[in-house]
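Novice: To be precise about what I am sending: the file is called target-v9.txt and holds compact mmCIF, C-alpha atoms.
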```
# COMPACT_ATOMS: atom_id res chain seq x y z
CA MET A 1 73.74 49.81 145.81
CA LYS A 2 74.85 53.39 145.22
CA HIS A 3 73.47 55.98 142.80
CA TYR A 4 75.45 59.01 141.61
CA LEU A 5 72.89 61.79 141.31
CA GLN A 6 74.83 64.60 143.00
CA PHE A 7 78.48 65.13 143.90
CA CYS A 8 77.58 64.80 147.58
CA ASP A 9 76.43 61.19 147.05
CA LEU A 10 80.02 60.03 147.61
CA SER A 11 82.51 60.70 150.41
CA ALA A 12 85.99 62.22 150.33
CA ASP A 13 87.37 58.70 150.80
CA ASP A 14 85.35 57.47 147.81
CA TYR A 15 86.74 60.29 145.70
CA ALA A 16 90.30 59.55 146.75
CA TYR A 17 89.77 56.00 145.48
CA LEU A 18 88.12 57.19 142.25
CA PHE A 19 90.92 59.62 141.40
CA GLU A 20 93.54 56.93 142.01
CA ARG A 21 91.56 54.44 139.95
CA SER A 22 91.02 56.99 137.15
CA SER A 23 94.77 57.49 136.95
CA LEU A 24 95.36 53.75 136.60
CA ILE A 25 92.64 53.38 133.98
CA LYS A 26 93.99 56.34 132.00
CA LYS A 27 97.54 54.94 132.04
CA LYS A 28 96.27 51.62 130.70
CA PHE A 29 94.25 53.42 128.02
CA LYS A 30 97.32 55.39 126.90
CA SER A 31 99.38 52.18 126.79
CA TYR A 32 96.71 50.31 124.79
CA GLU A 33 96.29 47.83 127.63
CA LYS A 34 92.92 46.13 127.92
CA HIS A 35 90.84 46.91 130.99
CA HIS A 36 87.85 44.59 130.72
CA THR A 37 86.37 44.72 134.20
CA LEU A 38 82.76 45.10 132.99
CA VAL A 39 82.50 42.21 130.54
CA ASP A 40 78.86 41.22 129.91
CA ARG A 41 77.58 44.33 131.71
CA THR A 42 75.17 46.67 129.91
CA LEU A 43 74.79 50.43 130.29
CA ALA A 44 71.54 52.12 129.27
CA MET A 45 72.04 55.77 128.29
CA ILE A 46 68.89 57.91 128.32
CA PHE A 47 69.06 61.36 126.73
CA GLU A 48 66.43 64.07 127.02
CA LYS A 49 69.13 66.71 126.46
CA ALA A 50 71.47 66.58 123.47
CA SER A 51 75.06 65.60 124.11
CA THR A 52 78.49 65.21 122.55
CA ARG A 53 81.01 64.62 125.34
CA THR A 54 78.60 62.78 127.64
CA ARG A 55 77.51 60.30 124.98
CA VAL A 56 80.98 59.65 123.54
CA SER A 57 82.67 59.31 126.94
CA PHE A 58 80.10 56.95 128.46
CA GLU A 59 79.60 54.86 125.32
CA ALA A 60 83.29 54.54 124.48
CA GLY A 61 84.14 53.95 128.13
CA MET A 62 81.68 51.10 128.54
CA TYR A 63 82.88 49.39 125.35
CA GLN A 64 86.51 49.83 126.41
CA MET A 65 85.73 47.99 129.65
CA GLY A 66 84.22 45.07 127.76
CA GLY A 67 80.59 46.00 128.26
CA SER A 68 77.80 47.03 125.91
CA VAL A 69 75.55 50.05 125.56
CA VAL A 70 71.88 50.73 124.81
CA HIS A 71 71.24 54.31 123.65
CA LEU A 72 67.77 55.79 124.20
CA THR A 73 66.27 59.20 123.56
CA THR A 74 62.82 60.48 124.41
CA GLY A 75 61.97 60.11 120.73
CA ASP A 76 62.51 56.35 120.64
CA SER A 77 61.38 55.33 124.13
CA GLN A 78 58.29 55.61 126.29
CA LEU A 79 60.03 58.22 128.45
CA GLY A 80 58.99 60.85 125.93
CA ARG A 81 55.42 59.65 125.76
CA SER A 82 52.88 58.60 128.35
CA GLU A 83 54.62 56.01 130.52
CA PRO A 84 55.38 57.16 134.06
CA ILE A 85 59.07 57.49 134.88
CA GLU A 86 58.61 55.02 137.72
CA ASP A 87 57.36 52.33 135.33
CA SER A 88 60.18 52.96 132.86
CA ALA A 89 62.69 52.63 135.69
CA LYS A 90 61.24 49.31 136.83
CA VAL A 91 61.39 47.87 133.31
CA ILE A 92 64.74 49.23 132.09
CA SER A 93 66.57 48.36 135.30
CA ARG A 94 65.50 44.70 134.96
CA MET A 95 67.29 44.50 131.61
CA VAL A 96 70.57 46.38 132.15
CA ASP A 97 73.22 46.72 134.85
CA LEU A 98 73.63 50.49 134.94
CA VAL A 99 71.69 53.56 133.78
CA MET A 100 72.98 57.02 132.85
CA ILE A 101 70.41 59.78 132.39
CA ARG A 102 70.90 63.27 130.93
CA THR A 103 67.72 65.25 131.46
CA TYR A 104 66.19 68.51 132.66
CA GLU A 105 64.73 68.44 136.18
CA GLN A 106 66.69 66.71 138.94
CA THR A 107 63.41 65.32 140.23
CA LYS A 108 63.14 63.13 137.11
CA ILE A 109 66.39 61.34 137.75
CA GLU A 110 65.58 61.04 141.45
CA ARG A 111 62.22 59.43 140.66
CA PHE A 112 63.91 57.03 138.23
CA ALA A 113 66.57 56.09 140.77
CA GLU A 114 64.00 55.49 143.49
CA HIS A 115 62.45 52.72 141.38
CA SER A 116 65.61 51.36 139.75
CA ARG A 117 67.15 48.02 140.64
CA VAL A 118 70.56 49.14 139.33
CA PRO A 119 72.81 52.16 139.91
CA VAL A 120 71.78 55.41 138.21
CA ILE A 121 74.27 58.10 137.14
CA ASN A 122 73.47 61.75 136.56
CA GLY A 123 74.85 62.67 133.12
CA LEU A 124 73.55 66.23 133.62
CA THR A 125 70.43 67.92 134.97
CA ASN A 126 69.42 71.55 135.28
CA GLU A 127 70.61 71.47 138.88
CA PHE A 128 73.80 69.34 138.90
CA HIS A 129 76.60 68.01 136.69
CA PRO A 130 78.65 65.75 138.99
CA CYS A 131 80.51 63.77 136.29
CA GLN A 132 81.92 66.98 134.83
CA ILE A 133 83.23 68.23 138.18
CA LEU A 134 84.67 64.77 138.82
CA ALA A 135 86.65 65.17 135.59
CA ASP A 136 87.60 68.77 136.38
CA ILE A 137 89.04 67.93 139.78
CA PHE A 138 90.90 64.92 138.40
CA THR A 139 92.38 67.22 135.75
CA TYR A 140 93.48 69.69 138.41
CA ILE A 141 95.13 66.90 140.40
CA GLU A 142 96.99 65.70 137.30
CA HIS A 143 98.43 69.17 136.65
CA ARG A 144 98.85 70.64 140.13
CA GLY A 145 98.35 67.95 142.79
CA SER A 146 95.75 67.95 145.54
CA ILE A 147 92.96 70.51 145.29
CA ALA A 148 92.58 70.61 149.09
CA GLY A 149 93.19 74.13 150.40
CA LYS A 150 93.13 75.66 146.90
CA THR A 151 90.85 78.39 145.53
CA VAL A 152 88.57 77.94 142.52
CA ALA A 153 87.08 81.05 140.90
CA TRP A 154 83.68 80.48 139.30
CA VAL A 155 82.82 83.30 136.87
CA GLY A 156 79.41 83.34 135.21
CA ASP A 157 76.02 81.73 135.67
CA GLY A 158 74.94 80.26 139.01
CA ASN A 159 73.99 77.05 137.21
CA ASN A 160 74.36 73.28 137.61
CA MET A 161 78.15 73.54 137.35
CA ALA A 162 78.34 76.20 140.05
CA ASN A 163 76.06 74.15 142.32
CA THR A 164 78.28 71.11 141.89
CA TRP A 165 81.52 73.03 142.50
CA LEU A 166 80.05 74.21 145.81
CA GLN A 167 79.18 70.67 146.83
CA ALA A 168 82.67 69.49 145.89
CA SER A 169 84.33 72.24 147.92
CA GLU A 170 82.63 71.10 151.11
CA ILE A 171 83.60 67.47 150.60
CA LEU A 172 87.16 67.92 149.36
CA GLY A 173 88.26 70.91 151.41
CA PHE A 174 88.86 73.73 148.96
CA LYS A 175 87.25 77.16 148.51
CA VAL A 176 85.13 78.54 145.69
CA HIS A 177 84.99 82.24 144.82
CA VAL A 178 81.65 82.79 143.09
CA SER A 179 80.89 85.80 140.89
CA THR A 180 77.64 86.00 138.94
CA PRO A 181 75.57 88.86 137.55
CA GLY A 182 72.69 90.05 139.70
CA GLY A 183 69.67 87.80 139.27
CA TYR A 184 71.79 84.80 138.29
CA GLU A 185 73.20 83.90 141.70
CA VAL A 186 73.71 80.38 142.97
CA ASP A 187 70.64 79.11 144.81
CA GLN A 188 72.21 77.79 147.98
CA SER A 189 69.10 75.79 148.85
CA ILE A 190 69.49 73.82 145.58
CA ALA A 191 73.23 73.37 146.02
CA GLY A 192 72.57 72.05 149.52
CA ILE A 193 75.48 73.88 151.12
CA ARG A 194 75.54 73.42 154.88
CA SER A 195 77.84 76.34 155.72
CA ALA A 196 79.41 79.35 154.04
CA GLU A 197 82.96 78.41 155.01
CA SER A 198 83.80 76.78 151.66
CA TYR A 199 82.73 79.61 149.37
CA GLN A 200 82.68 83.39 149.08
CA VAL A 201 80.52 85.56 146.82
CA PHE A 202 81.97 88.51 144.87
CA ASP A 203 80.09 91.13 142.87
CA ASP A 204 83.25 91.85 140.87
CA PRO A 205 84.60 88.87 138.85
CA MET A 206 88.11 90.35 139.00
CA GLN A 207 88.03 90.11 142.79
CA ALA A 208 86.79 86.52 142.55
CA CYS A 209 89.77 85.63 140.35
CA ALA A 210 92.34 87.35 142.59
CA GLY A 211 94.77 84.73 143.90
CA ALA A 212 92.79 81.80 142.45
CA ASP A 213 94.46 78.50 141.62
CA LEU A 214 91.82 77.68 139.02
CA VAL A 215 89.49 79.91 137.01
CA THR A 216 86.50 78.24 135.41
CA THR A 217 83.30 79.21 133.64
CA ASP A 218 80.46 77.91 131.48
CA VAL A 219 78.21 79.17 128.70
CA TRP A 220 75.97 82.08 129.59
CA THR A 221 72.85 80.28 128.37
CA SER A 222 72.47 76.62 129.30
CA MET A 223 70.22 74.17 127.44
CA GLY A 224 66.61 74.83 128.26
CA PHE A 225 67.13 78.57 128.74
CA GLU A 226 67.54 79.56 125.09
CA ALA A 227 64.63 82.03 125.27
CA GLU A 228 66.72 84.12 127.67
CA ASN A 229 69.78 84.22 125.40
CA GLU A 230 69.66 87.88 124.33
CA THR A 231 68.85 89.09 127.85
CA ARG A 232 71.71 87.05 129.26
CA LYS A 233 74.19 88.42 126.73
CA VAL A 234 73.53 91.91 128.11
CA ALA A 235 73.58 90.84 131.77
CA PHE A 236 76.79 88.79 131.49
CA VAL A 237 78.92 91.15 129.40
CA ASP A 238 81.33 91.84 132.29
CA TRP A 239 81.63 88.13 133.15
CA CYS A 240 83.80 87.14 130.21
CA VAL A 241 87.00 85.47 131.39
CA ASP A 242 89.82 87.40 129.74
CA ALA A 243 93.59 87.75 130.09
CA GLU A 244 93.18 90.42 132.76
CA MET A 245 91.21 88.05 134.98
CA MET A 246 93.81 85.32 134.48
CA ARG A 247 96.55 87.78 135.44
CA ALA A 248 94.66 88.49 138.66
CA ALA A 249 94.81 84.77 139.50
CA LYS A 250 98.00 83.03 140.58
CA PRO A 251 100.76 82.90 137.93
CA ASP A 252 100.34 79.13 137.58
CA ALA A 253 96.53 79.19 137.67
CA LEU A 254 94.69 76.86 135.30
CA PHE A 255 91.67 77.69 133.16
CA MET A 256 88.82 75.21 132.64
CA HIS A 257 85.56 75.16 130.69
CA CYS A 258 83.21 72.19 130.43
CA LEU A 259 82.50 72.94 126.72
CA PRO A 260 81.02 73.73 124.30
CA ALA A 261 82.55 77.22 124.50
CA HIS A 262 81.60 80.47 122.82
CA ARG A 263 84.78 82.46 122.27
CA GLY A 264 84.14 86.15 122.77
CA GLU A 265 81.22 85.52 125.14
CA GLU A 266 82.02 83.69 128.40
CA VAL A 267 85.73 83.40 127.55
CA GLN A 268 88.18 85.13 125.27
CA ALA A 269 89.97 83.02 122.65
CA GLU A 270 93.40 83.99 124.05
CA VAL A 271 92.42 82.36 127.35
CA ILE A 272 90.77 79.13 126.23
CA ASP A 273 93.42 78.60 123.55
CA GLY A 274 96.25 79.89 125.73
CA PRO A 275 98.94 78.15 127.79
CA GLN A 276 96.94 78.11 131.05
CA SER A 277 93.98 76.32 129.49
CA VAL A 278 93.56 72.59 130.15
CA VAL A 279 90.13 72.24 128.55
CA TRP A 280 91.16 69.41 126.20
CA ASP A 281 92.64 67.33 129.02
CA GLU A 282 89.49 68.15 130.99
CA ALA A 283 87.25 66.93 128.17
CA GLU A 284 89.22 63.70 127.69
CA ASN A 285 89.17 63.00 131.41
CA ARG A 286 85.40 62.59 131.33
CA LEU A 287 86.18 59.21 129.71
CA HIS A 288 88.58 58.06 132.39
CA VAL A 289 86.74 59.20 135.52
CA GLN A 290 83.44 57.83 134.27
CA LYS A 291 85.03 54.44 133.60
CA ALA A 292 86.27 54.46 137.19
CA LEU A 293 82.84 55.58 138.41
CA MET A 294 80.92 52.89 136.52
CA GLU A 295 83.32 50.23 137.71
CA PHE A 296 83.00 51.47 141.30
CA LEU A 297 79.20 51.53 141.25
CA LEU A 298 79.02 48.00 139.86
CA LEU A 299 81.98 46.25 141.48
CA GLY A 300 82.95 48.37 144.48
CA ARG A 301 86.61 48.98 145.27
CA LEU A 302 89.09 46.84 143.43
CA GLY A 303 92.63 46.13 144.62
```
What is this structure when it is put down as structure tokens?
Specialist:
Amino acid sequence: MKHYLQFCDLSADDYAYLFERSSLIKKKFKSYEKHHTLVDRTLAMIFEKASTRTRVSFEAGMYQMGGSVVHLTTGDSQLGRSEPIEDSAKVISRMVDLVMIRTYEQTKIERFAEHSRVPVINGLTNEFHPCQILADIFTYIEHRGSIAGKTVAWVGDGNNMANTWLQASEILGFKVHVSTPGGYEVDQSIAGIRSAESYQVFDDPMQACAGADLVTTDVWTSMGFEAENETRKVAFVDWCVDAEMMRAAKPDALFMHCLPAHRGEEVQAEVIDGPQSVVWDEAENRLHVQKALMEFLLLGRLG
């Protein structure tokens, strides 16, 4: 049994299979072909953090594969009350086939997984967002081919997305140029990076974008850090991805954002709504890669 709690939980070979499988599943979806590989399987979705894309993509994906979904929040389950996470894991995992959790601390999902009898998927934590990077890389492959040997510019907060991009770079053989304001750097001990060969840090976001194949960013204030919003707006003012940064990247560079986006803050409207942006493909691809992931965790590799 495998869990998917961080991007590094799977190998490069696993990802090669998942990207190929995602492509097949997406083609069938676009052709209105049924893909019912998870008939009679049940996914429990547990949300401590609010969600749009995560809920829709997992719930729709499970139904499209013939399965069913149980949706839980901390308001309507014992997770938000007095029951230990370990006890909830033991009970829930006896009743469903798969669990997706979107929560705050990574330790919560790790404790749940340790006591679960079924695979657990990280739908987002403060530290990591592996399903989003899975979708991002699949989107890059669709538009430009293999990401191996390419350069990704990360502009903004050293958050869960940045941590996950760094993990992905080590596994899949590309490089990340990281530029964050002072005090908001990536914590390499959290990211779990074993060497500095797959990433480079830049004080100037323009330098980080120079020659990049992909420029990507996220909101300046992630969920759970709202009290810092005004302070962050001041600190991040020079880390807004604009047309000048995109011009510094390669002429065919793509722009990505995991959404929701705040135009005029972390990205200018002319970039996110411009011809280099693939954010809508990126958002849709959460559906397809997560279907492949759920199938893989439950059934292994299919022919």
Novice: Ranking A:Asp203, A:Asp213, A:Asp97, A:Glu83 by minimum distance to A:Leu299 and counting only C-alpha atoms, which one comes first?
Specialist: A:Asp97
Novice: Counting all atoms listed in the file, what is within 10 Å of stretch 216-225 of chain A, bar same-chain residues fewer than 3 positions away, as number ranges by chain?
Specialist: A: 49-50, 104, 125-126, 136, 152-162, 209, 228-233, 235-237, 239-241, 254-263, 265-267, 277, 279
Novice: Anything within 9 Å of (92.5, 77.9, 143.7): list those residues as a PyMOL selection string, counting all atoms listed in the file and sticking to the file's coordinates.
Specialist: chain A and resi 147+149-153+174-177+209+211-215+249-250+253-254
Novice: Go through A:Thr139, A:Ser23, A:Thr42, A:Ser93 and flag the residue nearest A:Ala113, using all atoms listed in the file for the distances.
Specialist: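 Comparing A:Thr139, A:Ser23, A:Thr42, A:Ser93 against A:Ala113, the winner is A:Ser93.
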Novice: What does the distance between atom CA of A:Val39 and atom CA of A:Gly67 come to in Å, to one decimal place?
Specialist: 4.8 Å
Novice: For each of A:Glu59, A:Glu127, A:Glu244, A:Asp238, take the minimum atom-to-atom distance to A:Val99, counting all atoms listed in the file, then give the residue where this is smallest.
Specialist: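 Once distances to A:Val99 are computed over all atoms listed in the file, the minimum belongs to A:Glu59.
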Novice: Suppose you want the space between atom CA of A:Lys291 and atom CA of A:Gln64; what is it in Å?
Specialist: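 Calculated distance between atom CA of A:Lys291 and atom CA of A:Gln64 is 8.7 Å.
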Novice: Would you mind telling me which residue in A:Ile171, A:Ala248, A:Val201, A:Ile25 lies nearest to A:Asp13 when using all atoms listed in the file?
Specialist: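 Among the listed residues, A:Ile171 lies closest to A:Asp13.
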Novice: Interatomic distance between atom CA of A:Leu297 and atom CA of A:Pro84?
Specialist: 25.5 Å
Novice: Let me make sure I understand: among A:Ala44, A:Ser31, A:Ile133, A:Ile121, which one has the smallest atom-to-atom distance to A:Phe296 if we use only C-alpha atoms?
Specialist: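 Ranked by minimum distance to A:Phe296, first place goes to A:Ile121.
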Novice: How would stretch 32-166 of chain A of the given structure read as a file with C-alpha atoms, as an mmCIF file, in the first residue's frame?
Specialist:
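Result file is decode16.cif:
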```
data_model
loop_
_atom_site.group_PDB
_atom_site.id
_atom_site.type_symbol
_atom_site.label_atom_id
_atom_site.label_comp_id
_atom_site.auth_asym_id
_atom_site.auth_seq_id
_atom_site.Cartn_x
_atom_site.Cartn_y
_atom_site.Cartn_z
ATOM 1 C CA TYR A 32 -17.052 10.995 -23.626
ATOM 2 C CA GLU A 33 -15.765 7.443 -23.214
ATOM 3 C CA LYS A 34 -16.489 5.745 -19.909
ATOM 4 C CA HIS A 35 -13.530 4.911 -17.693
ATOM 5 C CA HIS A 36 -15.027 2.946 -14.817
ATOM 6 C CA THR A 37 -11.989 1.356 -13.218
ATOM 7 C CA LEU A 38 -13.045 2.194 -9.642
ATOM 8 C CA VAL A 39 -16.586 0.830 -9.581
ATOM 9 C CA ASP A 40 -17.796 0.189 -6.008
ATOM 10 C CA ARG A 41 -14.790 2.026 -4.540
ATOM 11 C CA THR A 42 -15.373 4.887 -2.101
ATOM 12 C CA LEU A 43 -13.261 7.994 -1.542
ATOM 13 C CA ALA A 44 -13.514 9.906 1.739
ATOM 14 C CA MET A 45 -12.603 13.587 1.363
ATOM 15 C CA ILE A 46 -11.711 15.380 4.597
ATOM 16 C CA PHE A 47 -11.446 19.175 4.521
ATOM 17 C CA GLU A 48 -10.032 21.355 7.274
ATOM 18 C CA LYS A 49 -9.127 24.002 4.671
ATOM 19 C CA ALA A 50 -11.692 25.364 2.227
ATOM 20 C CA SER A 51 -11.422 24.273 -1.379
ATOM 21 C CA THR A 52 -12.804 24.756 -4.872
ATOM 22 C CA ARG A 53 -10.513 22.955 -7.324
ATOM 23 C CA THR A 54 -9.502 20.185 -4.914
ATOM 24 C CA ARG A 55 -13.073 19.261 -4.024
ATOM 25 C CA VAL A 56 -14.467 19.452 -7.563
ATOM 26 C CA SER A 57 -11.571 17.563 -9.153
ATOM 27 C CA PHE A 58 -11.489 14.707 -6.633
ATOM 28 C CA GLU A 59 -15.266 14.368 -6.328
ATOM 29 C CA ALA A 60 -15.977 14.569 -10.054
ATOM 30 C CA GLY A 61 -13.011 12.321 -10.803
ATOM 31 C CA MET A 62 -14.135 9.565 -8.455
ATOM 32 C CA TYR A 63 -17.689 9.624 -9.831
ATOM 33 C CA GLN A 64 -16.374 9.577 -13.405
ATOM 34 C CA MET A 65 -14.444 6.392 -12.598
ATOM 35 C CA GLY A 66 -17.568 4.707 -11.273
ATOM 36 C CA GLY A 67 -16.870 5.204 -7.590
ATOM 37 C CA SER A 68 -18.578 7.171 -4.842
ATOM 38 C CA VAL A 69 -17.554 9.949 -2.474
ATOM 39 C CA VAL A 70 -18.073 10.826 1.186
ATOM 40 C CA HIS A 71 -17.408 14.507 1.941
ATOM 41 C CA LEU A 72 -16.393 15.465 5.490
ATOM 42 C CA THR A 73 -15.402 18.740 7.107
ATOM 43 C CA THR A 74 -14.215 19.376 10.640
ATOM 44 C CA GLY A 75 -17.662 20.798 11.347
ATOM 45 C CA ASP A 76 -19.506 17.559 10.641
ATOM 46 C CA SER A 77 -16.992 14.966 11.845
ATOM 47 C CA GLN A 78 -15.121 14.115 15.015
ATOM 48 C CA LEU A 79 -11.890 15.407 13.459
ATOM 49 C CA GLY A 80 -12.899 18.893 14.526
ATOM 50 C CA ARG A 81 -13.794 17.846 18.039
ATOM 51 C CA SER A 82 -12.157 15.637 20.618
ATOM 52 C CA GLU A 83 -11.407 12.355 18.842
ATOM 53 C CA PRO A 84 -7.706 11.685 18.250
ATOM 54 C CA ILE A 85 -6.645 11.662 14.602
ATOM 55 C CA GLU A 86 -5.362 8.122 15.053
ATOM 56 C CA ASP A 87 -8.805 6.888 16.112
ATOM 57 C CA SER A 88 -10.532 8.676 13.234
ATOM 58 C CA ALA A 89 -8.078 7.079 10.811
ATOM 59 C CA LYS A 90 -8.735 3.597 12.153
ATOM 60 C CA VAL A 91 -12.504 4.025 11.827
ATOM 61 C CA ILE A 92 -12.754 5.869 8.497
ATOM 62 C CA SER A 93 -10.263 3.605 6.748
ATOM 63 C CA ARG A 94 -12.372 0.538 7.647
ATOM 64 C CA MET A 95 -15.314 2.004 5.738
ATOM 65 C CA VAL A 96 -13.779 3.461 2.561
ATOM 66 C CA ASP A 97 -11.116 2.527 0.021
ATOM 67 C CA LEU A 98 -9.208 5.799 -0.225
ATOM 68 C CA VAL A 99 -8.856 9.006 1.797
ATOM 69 C CA MET A 100 -7.959 12.510 0.626
ATOM 70 C CA ILE A 101 -7.175 15.104 3.296
ATOM 71 C CA ARG A 102 -6.764 18.875 2.910
ATOM 72 C CA THR A 103 -5.511 20.292 6.184
ATOM 73 C CA TYR A 104 -2.976 22.541 7.891
ATOM 74 C CA GLU A 105 0.009 20.764 9.466
ATOM 75 C CA GLN A 106 1.702 17.968 7.522
ATOM 76 C CA THR A 107 1.999 16.057 10.788
ATOM 77 C CA LYS A 108 -1.797 15.634 10.858
ATOM 78 C CA ILE A 109 -1.927 13.817 7.552
ATOM 79 C CA GLU A 110 1.137 11.764 8.472
ATOM 80 C CA ARG A 111 -0.496 10.657 11.736
ATOM 81 C CA PHE A 112 -3.686 9.756 9.870
ATOM 82 C CA ALA A 113 -1.774 7.770 7.251
ATOM 83 C CA GLU A 114 0.194 5.885 9.888
ATOM 84 C CA HIS A 115 -3.053 4.430 11.251
ATOM 85 C CA SER A 116 -4.976 4.090 7.980
ATOM 86 C CA ARG A 117 -5.715 0.761 6.327
ATOM 87 C CA VAL A 118 -6.161 2.448 2.930
ATOM 88 C CA PRO A 119 -4.092 4.866 0.828
ATOM 89 C CA VAL A 120 -4.089 8.509 1.934
ATOM 90 C CA ILE A 121 -3.617 11.441 -0.474
ATOM 91 C CA ASN A 122 -2.416 14.901 0.466
ATOM 92 C CA GLY A 123 -4.929 17.382 -0.991
ATOM 93 C CA LEU A 124 -2.854 20.240 0.480
ATOM 94 C CA THR A 125 -1.021 21.006 3.709
ATOM 95 C CA ASN A 126 0.936 24.026 4.882
ATOM 96 C CA GLU A 127 4.115 22.256 3.808
ATOM 97 C CA PHE A 128 3.272 20.449 0.540
ATOM 98 C CA HIS A 129 0.834 20.398 -2.394
ATOM 99 C CA PRO A 130 1.880 17.351 -4.460
ATOM 100 C CA CYS A 131 -1.337 16.951 -6.493
ATOM 101 C CA GLN A 132 -1.019 20.497 -7.806
ATOM 102 C CA ILE A 133 2.583 20.014 -8.951
ATOM 103 C CA LEU A 134 1.560 16.708 -10.512
ATOM 104 C CA ALA A 135 -0.988 18.642 -12.585
ATOM 105 C CA ASP A 136 1.474 21.442 -13.351
ATOM 106 C CA ILE A 137 4.129 19.107 -14.718
ATOM 107 C CA PHE A 138 1.568 17.166 -16.748
ATOM 108 C CA THR A 139 0.422 20.485 -18.216
ATOM 109 C CA TYR A 140 3.991 21.404 -19.115
ATOM 110 C CA ILE A 141 4.485 18.031 -20.818
ATOM 111 C CA GLU A 142 1.283 18.513 -22.827
ATOM 112 C CA HIS A 143 2.445 21.896 -24.139
ATOM 113 C CA ARG A 144 6.222 21.526 -24.383
ATOM 114 C CA GLY A 145 7.239 17.883 -23.910
ATOM 115 C CA SER A 146 9.528 16.504 -21.224
ATOM 116 C CA ILE A 147 10.392 18.809 -18.338
ATOM 117 C CA ALA A 148 13.753 17.078 -17.818
ATOM 118 C CA GLY A 149 16.609 19.547 -18.236
ATOM 119 C CA LYS A 150 14.273 22.569 -18.229
ATOM 120 C CA THR A 151 14.259 25.570 -15.881
ATOM 121 C CA VAL A 152 11.291 26.568 -13.724
ATOM 122 C CA ALA A 153 11.280 30.047 -12.158
ATOM 123 C CA TRP A 154 9.437 30.238 -8.842
ATOM 124 C CA VAL A 155 8.612 33.853 -7.949
ATOM 125 C CA GLY A 156 7.007 34.619 -4.594
ATOM 126 C CA ASP A 157 6.473 32.913 -1.261
ATOM 127 C CA GLY A 158 8.638 29.996 -0.135
ATOM 128 C CA ASN A 159 5.484 28.029 0.614
ATOM 129 C CA ASN A 160 4.055 24.533 0.096
ATOM 130 C CA MET A 161 4.135 24.966 -3.685
ATOM 131 C CA ALA A 162 7.785 26.010 -3.669
ATOM 132 C CA ASN A 163 8.685 23.074 -1.407
ATOM 133 C CA THR A 164 6.965 20.658 -3.760
ATOM 134 C CA TRP A 165 8.576 22.124 -6.892
ATOM 135 C CA LEU A 166 11.975 21.540 -5.272
#
```
